[in-house]
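Visitor: One structure is given below, represented as structure tokens, and several questions about it will come after.
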There are 2 protein chains.
Amino acid sequence: MHHDLHEFFYPKTVAVIGATDNPLKPGRAILENLSFFNGAVYPVNPKHTTLLGHRCYASIREVPEEIDLAIVALPAPLVEQEMAELGNKGIRRAIIISSGFAEAGSDGSARQQRIAALARSFNIRVIGPNCLGVYNTDNGLDSFFVSRERVSRPTAGRLSIISQSGAVTVILMEALARDSLGLAKAVNYGNRLDVDEADALDFFADDQQTGAVAMYMESVGDGQKFLKAAKAFVAKKPLVIWKAGKHEMGAAAVASHTATLAGKYGLYQAAFRQSGAVEAYGFDHLIDAAKAVALMEYPCVGDRLLIVTNGGGMAVAASDQAQIEGFTMPVMPEAARERLQQAFPSFFVTSNPVDLTGSGKNEDYATALKEALPYYDAAVVIVLMGATNVTEEATALIARACHEAKKPIVCCILQGLGFTRDAMSALLKLGVPVYPSPERAVRALAALRKATCRSAGSE
Amino acid sequence: MHHDLHEFFYPKTVAVIGATDNPLKPGRAILENLSFFNGAVYPVNPKHTTLLGHRCYASIREVPEEIDLAIVALPAPLVEQEMAELGNKGIRRAIIISSGFAEAGSDGSARQQRIAALARSFNIRVIGPNCLGVYNTDNGLDSFFVSRERVSRPTAGRLSIISQSGAVTVILMEALARDSLGLAKAVNYGNRLDVDEADALDFFADDQQTGAVAMYMESVGDGQKFLKAAKAFVAKKPLVIWKAGKHEMGAAAVASHTATLAGKYGLYQAAFRQSGAVEAYGFDHLIDAAKAVALMEYPCVGDRLLIVTNGGGMAVAASDQAQIEGFTMPVMPEAARERLQQAFPSFFVTSNPVDLTGSGKNEDYATALKEALPYYDAAVVIVLMGATNVTEEATALIARACHEAKKPIVCCILQGLGFTRDAMSALLKLGVPVYPSPERAVRALAALRKATCRSAGSE
């Protein structure tokens, strides 16, 4: 089925209104970033005849092709007139990058309303204004006015991003790039004149490349529409949402940021619960939970948690957090315990947590997981890479244990310098989510469990 | 005054009992790490005559010098006999690295009690067993059995570490090294046969190099002694404590980790409050809070928080967290607002948060802080380095504004790849704590405020 948002993500022809070679203006970065786009690009600017190797057109009228998508990067006062030009040219999809609308006081609000009326009369679907627009790893489409030098683009992956904030969008993308996690698509809709979070969810629900969505919102455009879209989405794929502007002071900041009402936080929480979306506590948890649901292929079907560590203190922290998140930590069954005691030196601790101590070797992780994981629903594995007998090869053994048991394992490798970072990358590449603190590992696993089983929530 | 712990940190002569060239044994890493020690080192092992360029002695009796400190890295069953040797040699300070004592069941407990009795009868002060011992940046003393290749050592700094867990100790050290933060001294006392957290606090209270202490504990040895030491310490320097084993499941993990009772969490919280210590929520917050109190030279004397950002979404998150932490965010005074409106383009938001938007330039941060900070007690400054007009030079302007206002500023630079990491390092070098998420920045500032003003707690 042809979704209404399809041409925003898969246009064949794109015009950039306000393209420029001035590096201080957004039209420059957009044009540069579109050099990676697998389609035709038409810069429009009356002051230029060529731009970065493209022929440049004085107006959209002069562009000789049909245009599937217009990216508008003009100063706000010029956008109104341009809308009519786009409409007359028969363009039906526009991303309005420009700021200076509803977020900028009453004049801006009036301007935004006039744009909205024009869009309706010309039957133009609009993303924005005051936004970054769309990013699509599948065809290289990139309407973001941030250079790749400044913000690294992730490789292809299963996670898509829906964000009301441009800043959060690029920071998420950079975090994905840093962690070699990969991205399917991203959309930042800014002032939400037309296309909103529910439309985006609706599109991503059927998008082949999207396996899960991480969402940042300060408000919703239409509560009922959002709830319906979220329910339909969660029936197919995991959804993690970070709602900001929860408390009075945050809600006040929302009003000046996206010119919307943050609304009653309790209503949002009820909607998240009803739809089966996983609520993230904040920025770190949004990334952490998204990483877990996008990367881990096995569901967490129960609350019985196993912890394996080579550093006791970190297992204590993980156990504290596990209790907060509603996990249980049943004692090790006698059969497993006996096998572990036979395999391990006497000073290893063969209860739950299993503590391999500073003497634990790579194979000891494999042994512990092989014998114990069958009795549990999931494991948090903590690896202190500073221990003498642990090497990066531990990561392969842990990943294998995960795939053999077909149960989720999340790892904690405490962030440090080169050596530990390499081990983290290795785990991620093997499909095991890894986190820089025990608390974050447990919280991410809790998110995976909620995504697996809607009734498992415990806050 | 000569403190009883002085020779643990400032020995002139050190013997390593159980030194070896076997890279799988702790005695090897210890001897290697002592090559950085500014004093005399005497390896003891009957199987060797030389070790890593040192003459090696068959027993401690044969060492021709008086020994200020013995580091014992023998298998547990051999330690008992060695204690008598140390006593007869007149040694009065011993770090017992070996595990296999109280943490390893009833046999180990009995062994530990016998060691304790021997230590008392010979008047030997003991750190350990089952520990890493001490690290002192001031003279290169390093009894840790983890190689520098595995765990980077920080440079000299103002923070000292007291930790019940060896794992937490090395991870903290690596985090300090990663953030170029620096360390004064560290002690991991393990099973706490003799020297405990209170003794360490007492020593660090008068230690010239120590400006603040970050502490990890699962239990205390003697509650009243600890409370007295913590009160005396906090009267002089900030103290941040992470207590693990708060909840039942964590407390169970403590029992198998350090063979101690985690105790009632409420009692610990009362002790922290009474002493004026700042309680950290977990691992990340311990580092974050320690960074704030060790780095920031200005106190946070009130609750009025200013937020300056170039990304609205992140300011919303910071505002939410600020409310949770008990800050207020008064509106911008009219006078400041007018000056900012004159200085800024009309689409900047000149309320609190101040939003410089994606167009904000380096100097705009300086302007916002100069005009507004006088009306507030502290600022959280959020810099999205992906924005076109922001460069690393923003960091110098922010640091200058902090030093001119003599009020604390903490920064949030969202963690990413090379470009943003450079900016983070630059800020830290300029004395401004910087954090990878808005929530963490606000929480760290809240810790600084609690350290400044005991009555400011709000949990």
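Following the order of the structure tokens, chains are lettered A, B, ..., residues in each are numbered from 1, and ligands are numbered from 1.
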Near A:Pro433, within 10 Å and counting only C-alpha atoms, which residues show up once chain neighbours fewer than 5 positions away are dropped, as a list in words?

Guide: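 The filter keeps Asp179, Leu181, Asp288, Ala289, Ala290, Lys291, Ala292, Val293, Ala294, Leu295, Met296, Ala399, Pro408, Ile409, Val410, Cys411, Cys412, Met424, Ser425, Leu427, Leu428, Ala441, Ala444 and Leu445 of chain A.
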
Visitor: Using the selection just defined, write its residues with N, CA and C atoms as a short mmCIF file (atom, residue, chain, number, x, y, z; two decimals), in the first residue's frame.

Guide:
```cif
data_model
loop_
_atom_site.label_atom_id
_atom_site.label_comp_id
_atom_site.auth_asym_id
_atom_site.auth_seq_id
_atom_site.Cartn_x
_atom_site.Cartn_y
_atom_site.Cartn_z
N ASP A 179 28.14 4.05 18.78
CA ASP A 179 28.01 2.67 19.23
C ASP A 179 27.90 1.67 18.08
N LEU A 181 25.63 1.22 16.04
CA LEU A 181 24.34 0.56 16.16
C LEU A 181 23.52 0.57 14.89
N ASP A 288 19.54 3.58 25.72
CA ASP A 288 19.82 2.25 26.25
C ASP A 288 18.70 1.27 25.92
N ALA A 289 17.47 1.72 26.12
CA ALA A 289 16.33 0.84 25.86
C ALA A 289 16.19 0.57 24.36
N ALA A 290 16.39 1.61 23.56
CA ALA A 290 16.30 1.45 22.11
C ALA A 290 17.35 0.44 21.63
N LYS A 291 18.53 0.54 22.20
CA LYS A 291 19.60 -0.40 21.85
C LYS A 291 19.17 -1.83 22.17
N ALA A 292 18.57 -2.01 23.33
CA ALA A 292 18.16 -3.36 23.73
C ALA A 292 17.08 -3.91 22.80
N VAL A 293 16.05 -3.12 22.53
CA VAL A 293 14.95 -3.66 21.71
C VAL A 293 15.35 -3.79 20.25
N ALA A 294 16.26 -2.95 19.77
CA ALA A 294 16.66 -3.03 18.37
C ALA A 294 17.68 -4.14 18.13
N LEU A 295 18.47 -4.45 19.14
CA LEU A 295 19.61 -5.34 18.93
C LEU A 295 19.31 -6.78 19.35
N MET A 296 18.59 -6.93 20.46
CA MET A 296 18.43 -8.26 21.06
C MET A 296 17.27 -9.00 20.40
N ALA A 399 28.34 -13.94 23.69
CA ALA A 399 27.36 -13.86 22.59
C ALA A 399 26.90 -15.26 22.19
N PRO A 408 17.66 -13.49 26.46
CA PRO A 408 18.40 -12.23 26.36
C PRO A 408 19.52 -12.12 27.39
N ILE A 409 20.65 -11.64 26.91
CA ILE A 409 21.77 -11.27 27.77
C ILE A 409 22.10 -9.82 27.49
N VAL A 410 22.19 -9.02 28.52
CA VAL A 410 22.75 -7.68 28.35
C VAL A 410 24.04 -7.63 29.15
N CYS A 411 25.00 -6.90 28.61
CA CYS A 411 26.31 -6.83 29.24
C CYS A 411 26.56 -5.46 29.84
N CYS A 412 27.40 -5.47 30.86
CA CYS A 412 27.93 -4.23 31.38
C CYS A 412 29.44 -4.30 31.28
N MET A 424 33.50 -3.46 23.99
CA MET A 424 32.11 -3.02 23.84
C MET A 424 31.67 -3.10 22.38
N SER A 425 32.51 -2.60 21.49
CA SER A 425 32.18 -2.65 20.06
C SER A 425 31.99 -4.09 19.60
N LEU A 427 31.02 -6.69 21.27
CA LEU A 427 29.75 -7.25 21.75
C LEU A 427 28.58 -6.73 20.92
N LEU A 428 28.57 -5.44 20.66
CA LEU A 428 27.48 -4.86 19.88
C LEU A 428 27.41 -5.51 18.51
N ALA A 441 22.55 -1.25 32.52
CA ALA A 441 22.33 -2.57 31.91
C ALA A 441 21.01 -3.16 32.40
N ALA A 444 17.98 -1.29 30.98
CA ALA A 444 17.75 -1.60 29.56
C ALA A 444 17.07 -2.96 29.43
N LEU A 445 17.50 -3.91 30.24
CA LEU A 445 16.87 -5.24 30.21
C LEU A 445 15.41 -5.12 30.65
#
```

Visitor: Please produce, as a Markdown table, a per-residue contact table for chain A versus chain B (criterion: any atom at most 6 Å away, only C-alpha atoms considered), showing the nearest atom pair and its distance in Å to one decimal, sorted by chain then residue number.

Guide:
```
| residue | atom | partner | partner_atom | distance |
| --- | --- | --- | --- | --- |
| A:Ala104 | CA | B:Phe347 | CA | 5.6 |
| A:Arg150 | CA | B:Gly386 | CA | 4.8 |
| A:Val151 | CA | B:Gly386 | CA | 5.4 |
| A:Ser165 | CA | B:Gly313 | CA | 5.5 |
| A:Ala167 | CA | B:Gly311 | CA | 5.2 |
| A:Glu174 | CA | B:Gly416 | CA | 5.7 |
| A:Ala175 | CA | B:Gly416 | CA | 5.9 |
| A:Ala244 | CA | B:Ala317 | CA | 5.7 |
| A:Gly245 | CA | B:Val316 | CA | 5.7 |
| A:His247 | CA | B:Asp320 | CA | 5.5 |
| A:Met249 | CA | B:Ser319 | CA | 5.4 |
| A:Gly250 | CA | B:Asp320 | CA | 4.3 |
| A:Ala253 | CA | B:Val316 | CA | 5.2 |
| A:His257 | CA | B:Gly312 | CA | 5.3 |
| A:Gly311 | CA | B:Ala167 | CA | 5.2 |
| A:Gly312 | CA | B:His257 | CA | 5.3 |
| A:Gly313 | CA | B:Ser165 | CA | 5.5 |
| A:Val316 | CA | B:Gly250 | CA | 4.8 |
| A:Ala317 | CA | B:Ala244 | CA | 5.7 |
| A:Ser319 | CA | B:Gly250 | CA | 4.5 |
| A:Asp320 | CA | B:Gly250 | CA | 4.3 |
| A:Phe347 | CA | B:Ala104 | CA | 5.6 |
| A:Gly386 | CA | B:Arg150 | CA | 4.8 |
| A:Gly416 | CA | B:Glu174 | CA | 5.7 |
```

Visitor: Considering only C-alpha atoms, return as a ChimeraX atom specification whatever protein or nucleic-acid residues lie within 6 Å of A:Ala73, sequence-local ones (same chain, fewer than 2 positions apart) excluded.

Guide: /A:17-18,27,97-98

Visitor: Please provide the set of residues having any atom within 10 Å of B:Asp222, restricted to only C-alpha atoms, with same-chain residues fewer than 4 positions apart removed, written as a list in words.

Guide: Asp196, Glu197, Ala198, Phe226 and Leu227 of chain B

Visitor: Looking only at the backbone, which of the residues in stretch 22-71 of chain B does DSSP tag as strand (DSSP E or B), as a VMD selection string?

Guide: chain B and resid 40 to 44 50 to 51 54 to 55 57 69 to 71
